[in-house]
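A.B. asks: File name model.tsv; file contents TSV, N, CA and C atoms; full text below.
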```tsv
chain	number	residue	atom	x	y	z
A	1	MET	N	64.79	-165.17	70.16
A	1	MET	CA	64.21	-165.60	68.89
A	1	MET	C	62.81	-166.19	69.09
A	2	LYS	N	62.62	-166.80	70.27
A	2	LYS	CA	61.31	-167.38	70.55
A	2	LYS	C	60.22	-166.32	70.58
A	3	LYS	N	60.54	-165.17	71.24
A	3	LYS	CA	59.57	-164.08	71.35
A	3	LYS	C	59.26	-163.48	69.98
A	4	VAL	N	60.27	-163.34	69.13
A	4	VAL	CA	60.06	-162.80	67.78
A	4	VAL	C	59.16	-163.73	66.99
A	5	LYS	N	59.35	-165.02	67.14
A	5	LYS	CA	58.51	-166.00	66.43
A	5	LYS	C	57.06	-165.90	66.89
A	6	ILE	N	56.86	-165.75	68.22
A	6	ILE	CA	55.50	-165.62	68.77
A	6	ILE	C	54.83	-164.35	68.25
A	7	ILE	N	55.58	-163.25	68.21
A	7	ILE	CA	55.04	-161.97	67.72
A	7	ILE	C	54.64	-162.09	66.25
A	8	LYS	N	55.48	-162.73	65.44
A	8	LYS	CA	55.16	-162.91	64.01
A	8	LYS	C	53.90	-163.74	63.83
A	9	GLU	N	53.74	-164.79	64.63
A	9	GLU	CA	52.53	-165.62	64.53
A	9	GLU	C	51.28	-164.82	64.91
A	10	GLN	N	51.39	-164.01	65.97
A	10	GLN	CA	50.24	-163.20	66.39
A	10	GLN	C	49.88	-162.15	65.34
A	11	LEU	N	50.90	-161.55	64.73
A	11	LEU	CA	50.64	-160.58	63.65
A	11	LEU	C	49.96	-161.25	62.46
A	12	LYS	N	50.43	-162.44	62.12
A	12	LYS	CA	49.84	-163.18	61.00
A	12	LYS	C	48.38	-163.53	61.30
A	13	THR	N	48.09	-163.92	62.55
A	13	THR	CA	46.72	-164.23	62.94
A	13	THR	C	45.83	-162.99	62.84
A	14	ALA	N	46.34	-161.84	63.33
A	14	ALA	CA	45.57	-160.60	63.27
A	14	ALA	C	45.31	-160.19	61.82
A	15	GLN	N	46.31	-160.33	60.96
A	15	GLN	CA	46.14	-159.97	59.55
A	15	GLN	C	45.11	-160.86	58.88
A	16	SER	N	45.12	-162.14	59.18
A	16	SER	CA	44.14	-163.04	58.55
A	16	SER	C	42.72	-162.72	59.03
A	17	HIS	N	42.57	-162.31	60.30
A	17	HIS	CA	41.25	-161.90	60.80
A	17	HIS	C	40.76	-160.67	60.05
A	18	HIS	N	41.64	-159.67	59.88
A	18	HIS	CA	41.26	-158.45	59.16
A	18	HIS	C	40.91	-158.77	57.71
A	19	LYS	N	41.67	-159.64	57.09
A	19	LYS	CA	41.40	-160.00	55.69
A	19	LYS	C	40.05	-160.70	55.56
A	20	SER	N	39.73	-161.58	56.49
A	20	SER	CA	38.44	-162.28	56.41
A	20	SER	C	37.28	-161.30	56.57
A	21	TYR	N	37.42	-160.28	57.44
A	21	TYR	CA	36.37	-159.29	57.61
A	21	TYR	C	36.20	-158.44	56.35
A	22	SER	N	37.33	-158.04	55.74
A	22	SER	CA	37.24	-157.19	54.55
A	22	SER	C	36.74	-157.96	53.34
A	23	ASP	N	37.07	-159.25	53.24
A	23	ASP	CA	36.61	-160.05	52.11
A	23	ASP	C	35.10	-160.22	52.11
A	24	VAL	N	34.49	-160.27	53.29
A	24	VAL	CA	33.04	-160.42	53.38
A	24	VAL	C	32.34	-159.17	52.83
A	25	ARG	N	32.93	-157.99	53.07
A	25	ARG	CA	32.29	-156.74	52.66
A	25	ARG	C	32.62	-156.34	51.23
A	26	ARG	N	33.61	-156.95	50.62
A	26	ARG	CA	34.04	-156.57	49.27
A	26	ARG	C	33.04	-157.07	48.24
A	27	ILE	N	32.69	-156.17	47.31
A	27	ILE	CA	31.77	-156.52	46.23
A	27	ILE	C	32.49	-156.27	44.91
A	28	ASP	N	32.57	-157.27	44.06
A	28	ASP	CA	33.18	-157.10	42.75
A	28	ASP	C	32.15	-156.47	41.81
A	29	LEU	N	32.48	-155.29	41.29
A	29	LEU	CA	31.56	-154.58	40.38
A	29	LEU	C	31.96	-154.85	38.94
A	30	GLU	N	30.97	-155.08	38.11
A	30	GLU	CA	31.19	-155.20	36.68
A	30	GLU	C	30.07	-154.46	35.97
A	31	PHE	N	30.42	-153.74	34.92
A	31	PHE	CA	29.44	-152.98	34.15
A	31	PHE	C	29.39	-153.52	32.74
A	32	LYS	N	28.21	-153.47	32.14
A	32	LYS	CA	28.05	-153.87	30.74
A	32	LYS	C	28.11	-152.61	29.89
A	33	GLU	N	28.37	-152.80	28.62
A	33	GLU	CA	28.43	-151.67	27.71
A	33	GLU	C	27.08	-150.97	27.66
A	34	ASP	N	27.10	-149.64	27.59
A	34	ASP	CA	25.92	-148.77	27.58
A	34	ASP	C	25.21	-148.71	28.93
A	35	ASP	N	25.84	-149.17	30.01
A	35	ASP	CA	25.30	-148.94	31.35
A	35	ASP	C	25.56	-147.50	31.74
A	36	TRP	N	24.80	-147.00	32.69
A	36	TRP	CA	24.99	-145.65	33.20
A	36	TRP	C	25.58	-145.75	34.60
A	37	VAL	N	26.58	-144.90	34.89
A	37	VAL	CA	27.24	-144.92	36.19
A	37	VAL	C	27.39	-143.49	36.72
A	38	PHE	N	27.39	-143.37	38.06
A	38	PHE	CA	27.70	-142.11	38.71
A	38	PHE	C	29.21	-142.03	38.88
A	39	LEU	N	29.76	-140.81	38.82
A	39	LEU	CA	31.20	-140.59	38.99
A	39	LEU	C	31.44	-139.98	40.35
A	40	LYS	N	32.36	-140.54	41.12
A	40	LYS	CA	32.65	-140.07	42.47
A	40	LYS	C	33.53	-138.83	42.41
A	41	VAL	N	33.19	-137.83	43.23
A	41	VAL	CA	33.97	-136.59	43.31
A	41	VAL	C	34.57	-136.53	44.70
A	42	SER	N	35.85	-136.20	44.80
A	42	SER	CA	36.53	-136.15	46.09
A	42	SER	C	36.06	-134.95	46.90
A	43	PRO	N	35.57	-135.15	48.12
A	43	PRO	CA	35.16	-134.02	48.95
A	43	PRO	C	36.38	-133.29	49.51
A	44	MET	N	36.30	-131.96	49.61
A	44	MET	CA	37.39	-131.16	50.17
A	44	MET	C	36.86	-130.37	51.35
A	45	ASN	N	37.66	-130.24	52.39
A	45	ASN	CA	37.24	-129.51	53.59
A	45	ASN	C	37.00	-128.04	53.28
A	46	GLY	N	35.87	-127.50	53.75
A	46	GLY	CA	35.59	-126.08	53.62
A	46	GLY	C	35.07	-125.65	52.27
A	47	ILE	N	34.96	-126.53	51.31
A	47	ILE	CA	34.48	-126.16	49.99
A	47	ILE	C	33.09	-126.76	49.80
A	48	MET	N	32.16	-125.92	49.37
A	48	MET	CA	30.80	-126.40	49.15
A	48	MET	C	30.74	-127.14	47.83
A	49	GLN	N	30.08	-128.28	47.84
A	49	GLN	CA	29.95	-129.06	46.62
A	49	GLN	C	28.49	-129.23	46.29
A	50	PHE	N	28.11	-128.77	45.12
A	50	PHE	CA	26.77	-128.94	44.60
A	50	PHE	C	25.71	-128.42	45.56
A	51	GLY	N	25.97	-127.28	46.22
A	51	GLY	CA	24.96	-126.62	47.03
A	51	GLY	C	24.91	-127.03	48.48
A	52	ARG	N	25.67	-128.01	48.92
A	52	ARG	CA	25.66	-128.43	50.32
A	52	ARG	C	27.09	-128.49	50.84
A	53	LYS	N	27.23	-128.25	52.13
A	53	LYS	CA	28.56	-128.25	52.73
A	53	LYS	C	28.65	-129.36	53.77
A	54	GLY	N	29.83	-129.93	53.92
A	54	GLY	CA	30.07	-130.91	54.97
A	54	GLY	C	29.56	-132.30	54.62
A	55	LYS	N	28.91	-132.93	55.60
A	55	LYS	CA	28.47	-134.31	55.43
A	55	LYS	C	27.44	-134.47	54.31
A	56	LEU	N	26.64	-133.43	54.09
A	56	LEU	CA	25.55	-133.55	53.11
A	56	LEU	C	25.97	-133.24	51.69
A	57	SER	N	27.25	-132.92	51.45
A	57	SER	CA	27.68	-132.62	50.09
A	57	SER	C	27.61	-133.88	49.23
A	58	SER	N	27.35	-133.69	47.97
A	58	SER	CA	27.20	-134.83	47.06
A	58	SER	C	28.53	-135.55	46.89
A	59	ARG	N	28.47	-136.85	46.88
A	59	ARG	CA	29.68	-137.64	46.67
A	59	ARG	C	29.80	-138.09	45.21
A	60	TYR	N	28.67	-138.13	44.52
A	60	TYR	CA	28.67	-138.58	43.13
A	60	TYR	C	28.07	-137.51	42.23
A	61	VAL	N	28.63	-137.40	41.03
A	61	VAL	CA	28.15	-136.43	40.05
A	61	VAL	C	27.21	-137.15	39.10
A	62	ARG	N	26.46	-136.39	38.34
A	62	ARG	CA	25.43	-136.92	37.44
A	62	ARG	C	25.87	-138.17	36.68
A	63	PRO	N	24.93	-138.92	36.15
A	63	PRO	CA	25.30	-140.18	35.48
A	63	PRO	C	25.96	-139.97	34.13
A	64	TYR	N	26.90	-140.85	33.84
A	64	TYR	CA	27.58	-140.86	32.55
A	64	TYR	C	27.47	-142.26	31.97
A	65	ARG	N	27.51	-142.32	30.65
A	65	ARG	CA	27.38	-143.61	29.97
A	65	ARG	C	28.75	-144.29	29.92
A	66	PHE	N	28.76	-145.57	30.23
A	66	PHE	CA	29.97	-146.39	30.18
A	66	PHE	C	30.17	-146.83	28.74
A	67	ILE	N	31.37	-146.57	28.18
A	67	ILE	CA	31.64	-146.88	26.77
A	67	ILE	C	32.40	-148.19	26.61
A	68	GLN	N	33.53	-148.32	27.34
A	68	GLN	CA	34.44	-149.42	27.05
A	68	GLN	C	35.12	-149.89	28.34
A	69	ARG	N	35.34	-151.18	28.42
A	69	ARG	CA	36.09	-151.75	29.55
A	69	ARG	C	37.55	-151.85	29.13
A	70	ILE	N	38.42	-151.13	29.83
A	70	ILE	CA	39.84	-151.11	29.49
A	70	ILE	C	40.54	-152.33	30.10
A	71	SER	N	40.30	-152.57	31.38
A	71	SER	CA	40.84	-153.75	32.06
A	71	SER	C	39.80	-154.22	33.07
A	72	GLN	N	40.19	-155.12	33.96
A	72	GLN	CA	39.23	-155.65	34.92
A	72	GLN	C	38.73	-154.58	35.87
A	73	VAL	N	39.55	-153.56	36.16
A	73	VAL	CA	39.17	-152.52	37.11
A	73	VAL	C	39.13	-151.12	36.50
A	74	ALA	N	39.36	-150.96	35.20
A	74	ALA	CA	39.37	-149.65	34.56
A	74	ALA	C	38.29	-149.58	33.50
A	75	TYR	N	37.52	-148.48	33.54
A	75	TYR	CA	36.41	-148.29	32.61
A	75	TYR	C	36.50	-146.90	31.98
A	76	LYS	N	36.12	-146.82	30.71
A	76	LYS	CA	36.12	-145.54	29.99
A	76	LYS	C	34.69	-145.02	29.93
A	77	LEU	N	34.52	-143.73	30.26
A	77	LEU	CA	33.20	-143.11	30.27
A	77	LEU	C	33.06	-142.11	29.14
A	78	ASP	N	31.82	-141.87	28.75
A	78	ASP	CA	31.50	-140.86	27.74
A	78	ASP	C	31.26	-139.54	28.47
A	79	LEU	N	32.32	-138.70	28.56
A	79	LEU	CA	32.23	-137.44	29.29
A	79	LEU	C	31.80	-136.31	28.37
A	80	PRO	N	31.08	-135.31	28.90
A	80	PRO	CA	30.67	-134.16	28.08
A	80	PRO	C	31.87	-133.28	27.74
A	81	PRO	N	31.73	-132.38	26.75
A	81	PRO	CA	32.86	-131.54	26.33
A	81	PRO	C	33.39	-130.62	27.43
A	82	GLU	N	32.54	-130.19	28.38
A	82	GLU	CA	33.02	-129.29	29.44
A	82	GLU	C	33.97	-130.00	30.41
A	83	MET	N	34.01	-131.32	30.35
A	83	MET	CA	34.94	-132.09	31.19
A	83	MET	C	36.08	-132.65	30.35
A	84	SER	N	36.47	-131.94	29.32
A	84	SER	CA	37.51	-132.43	28.41
A	84	SER	C	38.89	-132.48	29.07
A	85	LEU	N	39.11	-131.73	30.17
A	85	LEU	CA	40.40	-131.76	30.86
A	85	LEU	C	40.58	-133.02	31.69
A	86	VAL	N	39.49	-133.72	32.00
A	86	VAL	CA	39.55	-134.92	32.82
A	86	VAL	C	39.74	-136.13	31.93
A	87	HIS	N	40.67	-137.01	32.33
A	87	HIS	CA	40.92	-138.23	31.57
A	87	HIS	C	39.69	-139.13	31.68
A	88	PRO	N	39.21	-139.73	30.58
A	88	PRO	CA	37.93	-140.47	30.61
A	88	PRO	C	38.00	-141.87	31.19
A	89	VAL	N	39.18	-142.36	31.61
A	89	VAL	CA	39.29	-143.71	32.16
A	89	VAL	C	39.35	-143.62	33.68
A	90	PHE	N	38.47	-144.40	34.35
A	90	PHE	CA	38.36	-144.34	35.80
A	90	PHE	C	38.45	-145.73	36.40
A	91	HIS	N	38.93	-145.79	37.64
A	91	HIS	CA	38.97	-147.03	38.40
A	91	HIS	C	37.56	-147.38	38.86
A	92	VAL	N	37.28	-148.66	39.01
A	92	VAL	CA	35.95	-149.12	39.37
A	92	VAL	C	35.51	-148.57	40.73
A	93	SER	N	36.45	-148.24	41.62
A	93	SER	CA	36.10	-147.71	42.93
A	93	SER	C	35.50	-146.31	42.86
A	94	MET	N	35.71	-145.60	41.74
A	94	MET	CA	35.17	-144.25	41.59
A	94	MET	C	33.82	-144.24	40.89
A	95	LEU	N	33.26	-145.40	40.61
A	95	LEU	CA	32.00	-145.50	39.89
A	95	LEU	C	30.93	-146.18	40.74
A	96	LYS	N	29.69	-145.80	40.48
A	96	LYS	CA	28.55	-146.43	41.15
A	96	LYS	C	27.46	-146.60	40.12
A	97	LYS	N	26.91	-147.80	40.02
A	97	LYS	CA	25.92	-148.10	39.00
A	97	LYS	C	24.62	-147.34	39.27
A	98	VAL	N	24.03	-146.80	38.20
A	98	VAL	CA	22.74	-146.12	38.29
A	98	VAL	C	21.66	-147.19	38.27
A	99	ILE	N	20.83	-147.18	39.29
A	99	ILE	CA	19.72	-148.13	39.35
A	99	ILE	C	18.47	-147.38	38.95
A	100	GLY	N	17.78	-147.87	37.94
A	100	GLY	CA	16.59	-147.18	37.43
A	100	GLY	C	16.88	-146.52	36.10
A	101	ASP	N	15.98	-145.64	35.69
A	101	ASP	CA	16.09	-144.96	34.41
A	101	ASP	C	16.92	-143.68	34.55
A	102	PRO	N	18.06	-143.56	33.85
A	102	PRO	CA	18.90	-142.36	33.98
A	102	PRO	C	18.24	-141.10	33.43
A	103	SER	N	17.24	-141.22	32.58
A	103	SER	CA	16.58	-140.03	32.04
A	103	SER	C	15.73	-139.34	33.10
A	104	LEU	N	15.36	-140.04	34.17
A	104	LEU	CA	14.55	-139.45	35.23
A	104	LEU	C	15.37	-138.65	36.23
A	105	ILE	N	16.70	-138.75	36.17
A	105	ILE	CA	17.56	-138.03	37.09
A	105	ILE	C	17.66	-136.58	36.66
A	106	VAL	N	17.42	-135.68	37.61
A	106	VAL	CA	17.46	-134.25	37.31
A	106	VAL	C	18.91	-133.84	37.15
A	107	PRO	N	19.28	-133.22	36.02
A	107	PRO	CA	20.68	-132.84	35.81
A	107	PRO	C	21.09	-131.69	36.72
A	108	VAL	N	22.31	-131.74	37.23
A	108	VAL	CA	22.85	-130.66	38.04
A	108	VAL	C	23.32	-129.58	37.08
A	109	GLU	N	23.31	-128.31	37.55
A	109	GLU	CA	23.76	-127.21	36.69
A	109	GLU	C	25.16	-127.52	36.17
A	110	THR	N	25.59	-126.79	35.17
A	110	THR	CA	26.90	-127.05	34.59
A	110	THR	C	27.97	-126.90	35.66
A	111	ILE	N	28.77	-127.92	35.80
A	111	ILE	CA	29.79	-127.97	36.84
A	111	ILE	C	31.14	-128.11	36.16
A	112	GLU	N	32.07	-127.28	36.56
A	112	GLU	CA	33.42	-127.38	36.01
A	112	GLU	C	34.28	-128.15	37.00
A	113	VAL	N	34.68	-129.35	36.61
A	113	VAL	CA	35.49	-130.21	37.47
A	113	VAL	C	36.92	-130.16	36.97
A	114	ASN	N	37.89	-129.96	37.89
A	114	ASN	CA	39.28	-129.90	37.46
A	114	ASN	C	39.90	-131.29	37.38
A	115	GLU	N	41.21	-131.35	37.12
A	115	GLU	CA	41.89	-132.63	36.91
A	115	GLU	C	41.85	-133.52	38.14
A	116	GLU	N	41.76	-132.92	39.33
A	116	GLU	CA	41.76	-133.68	40.57
A	116	GLU	C	40.35	-134.14	40.95
A	117	LEU	N	39.40	-133.96	40.06
A	117	LEU	CA	37.99	-134.30	40.29
A	117	LEU	C	37.42	-133.59	41.51
A	118	THR	N	37.79	-132.30	41.66
A	118	THR	CA	37.22	-131.47	42.71
A	118	THR	C	36.57	-130.27	42.05
A	119	TYR	N	35.76	-129.56	42.82
A	119	TYR	CA	35.01	-128.47	42.25
A	119	TYR	C	34.79	-127.42	43.31
A	120	GLU	N	34.94	-126.14	42.96
A	120	GLU	CA	34.76	-125.05	43.92
A	120	GLU	C	33.54	-124.24	43.50
A	121	GLU	N	32.63	-124.03	44.45
A	121	GLU	CA	31.40	-123.30	44.14
A	121	GLU	C	31.65	-121.81	44.27
A	122	ILE	N	31.15	-121.04	43.30
A	122	ILE	CA	31.31	-119.58	43.29
A	122	ILE	C	29.96	-118.97	43.65
A	123	PRO	N	29.92	-118.05	44.65
A	123	PRO	CA	28.63	-117.45	45.02
A	123	PRO	C	28.09	-116.57	43.90
A	124	VAL	N	26.76	-116.59	43.73
A	124	VAL	CA	26.11	-115.82	42.68
A	124	VAL	C	25.75	-114.43	43.17
A	125	ALA	N	25.20	-114.34	44.39
A	125	ALA	CA	24.77	-113.06	44.92
A	125	ALA	C	24.95	-113.06	46.44
A	126	ILE	N	25.17	-111.85	47.00
A	126	ILE	CA	25.26	-111.71	48.46
A	126	ILE	C	23.85	-111.39	48.95
A	127	LEU	N	23.33	-112.24	49.81
A	127	LEU	CA	21.95	-112.09	50.27
A	127	LEU	C	21.83	-111.26	51.55
A	128	ASP	N	22.88	-111.20	52.37
A	128	ASP	CA	22.79	-110.50	53.64
A	128	ASP	C	24.15	-109.99	54.04
A	129	ARG	N	24.18	-108.83	54.72
A	129	ARG	CA	25.44	-108.26	55.21
A	129	ARG	C	25.30	-107.91	56.67
A	130	GLN	N	26.38	-108.07	57.41
A	130	GLN	CA	26.40	-107.66	58.81
A	130	GLN	C	27.65	-106.83	59.05
A	131	VAL	N	27.51	-105.80	59.85
A	131	VAL	CA	28.64	-104.92	60.15
A	131	VAL	C	29.11	-105.16	61.56
```
Could you write out this structure as structure tokens?
C.D. replies:
Amino acid sequence: MKKVKIIKEQLKTAQSHHKSYSDVRRIDLEFKEDDWVFLKVSPMNGIMQFGRKGKLSSRYVRPYRFIQRISQVAYKLDLPPEMSLVHPVFHVSMLKKVIGDPSLIVPVETIEVNEELTYEEIPVAILDRQV
């Protein structure tokens, strides 16, 4: 029983160290009404997102206007009609505040995002062939 007690104390010490490190890095985000936010898109292996593959693929999609705060961590966004399949309420971890003027951001071509917030790029033309 003595050894079990020592192990529990060491685990508790390790957990408190990890918690103190994570608490320092945690930032509480809050948005005001009519703020603009970027929406996070989940990257998928082997699928090109917004013209780039791998590490350089975009993690956030164009800015959307924040409409309503549902709870402390849930926010409702004003999504365009082409994203009508996606539920408009998102967790704060999937949002990033737009710094600067959102009108200056160049819009990405029309993107069809599915329910899982992923997107598959379809090639437009074959530029080269090898036999």
A.B. asks: Give the answer as one residue: which of A:Val41, A:Ile7, A:Ala74, A:Leu79 has the shortest atom-to-atom distance to His91 of chain A, using all atoms listed in the file?
C.D. replies: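 The answer is A:Ala74, which sits nearest to His91 of chain A.
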A.B. asks: Skipping near chain neighbours, those fewer than 5 positions away, what residues fall within 8 Å of Lys96 of chain A using only N, CA and C atoms, listed as JSON, numbers by chain?
C.D. replies: {"A": [36, 37, 38, 39, 40, 60]}
A.B. asks: What is the atom N of Glu33 of chain A to atom N of Val73 of chain A distance in Å?
C.D. replies: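 Straight-line distance from atom N of Glu33 of chain A to atom N of Val73 of chain A works out to 13.5 Å.
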A.B. asks: What's the separation between atom N of Ile6 of chain A and atom N of Ser22 of chain A, in Å to one decimal place?
C.D. replies: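 Rounded to one decimal, the two atoms are 24.4 Å apart.
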A.B. asks: Expressed in Å to a single decimal, how great is the separation between atom C of Lys32 of chain A and atom N of Tyr119 of chain A?
C.D. replies: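 These two atoms are separated by 27.5 Å.
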A.B. asks: Which residues come within 6.5 Å of segment 85-90 of chain A, counting all atoms listed in the file, excluding same-chain residues fewer than 3 positions away, as JSON, numbers by chain?
C.D. replies: {"A": [73, 74, 75, 76, 77, 79, 81, 82, 93, 94, 114, 115]}
A.B. asks: Select from segment 62-124 of chain A everything DSSP, run on the backbone, classes as helix (DSSP H, G or I), then give the selection as a list in words.
C.D. replies: Pro81, Glu82, Met83, Val92, Ser93, Met94, Pro102, Ser103 and Leu104 of chain A
A.B. asks: May I ask which of the residues A:Ile126, A:Asp35, A:Gln68, A:Lys12 is the closest one to Val98 of chain A, counting all atoms listed in the file?
C.D. replies: A:Asp35
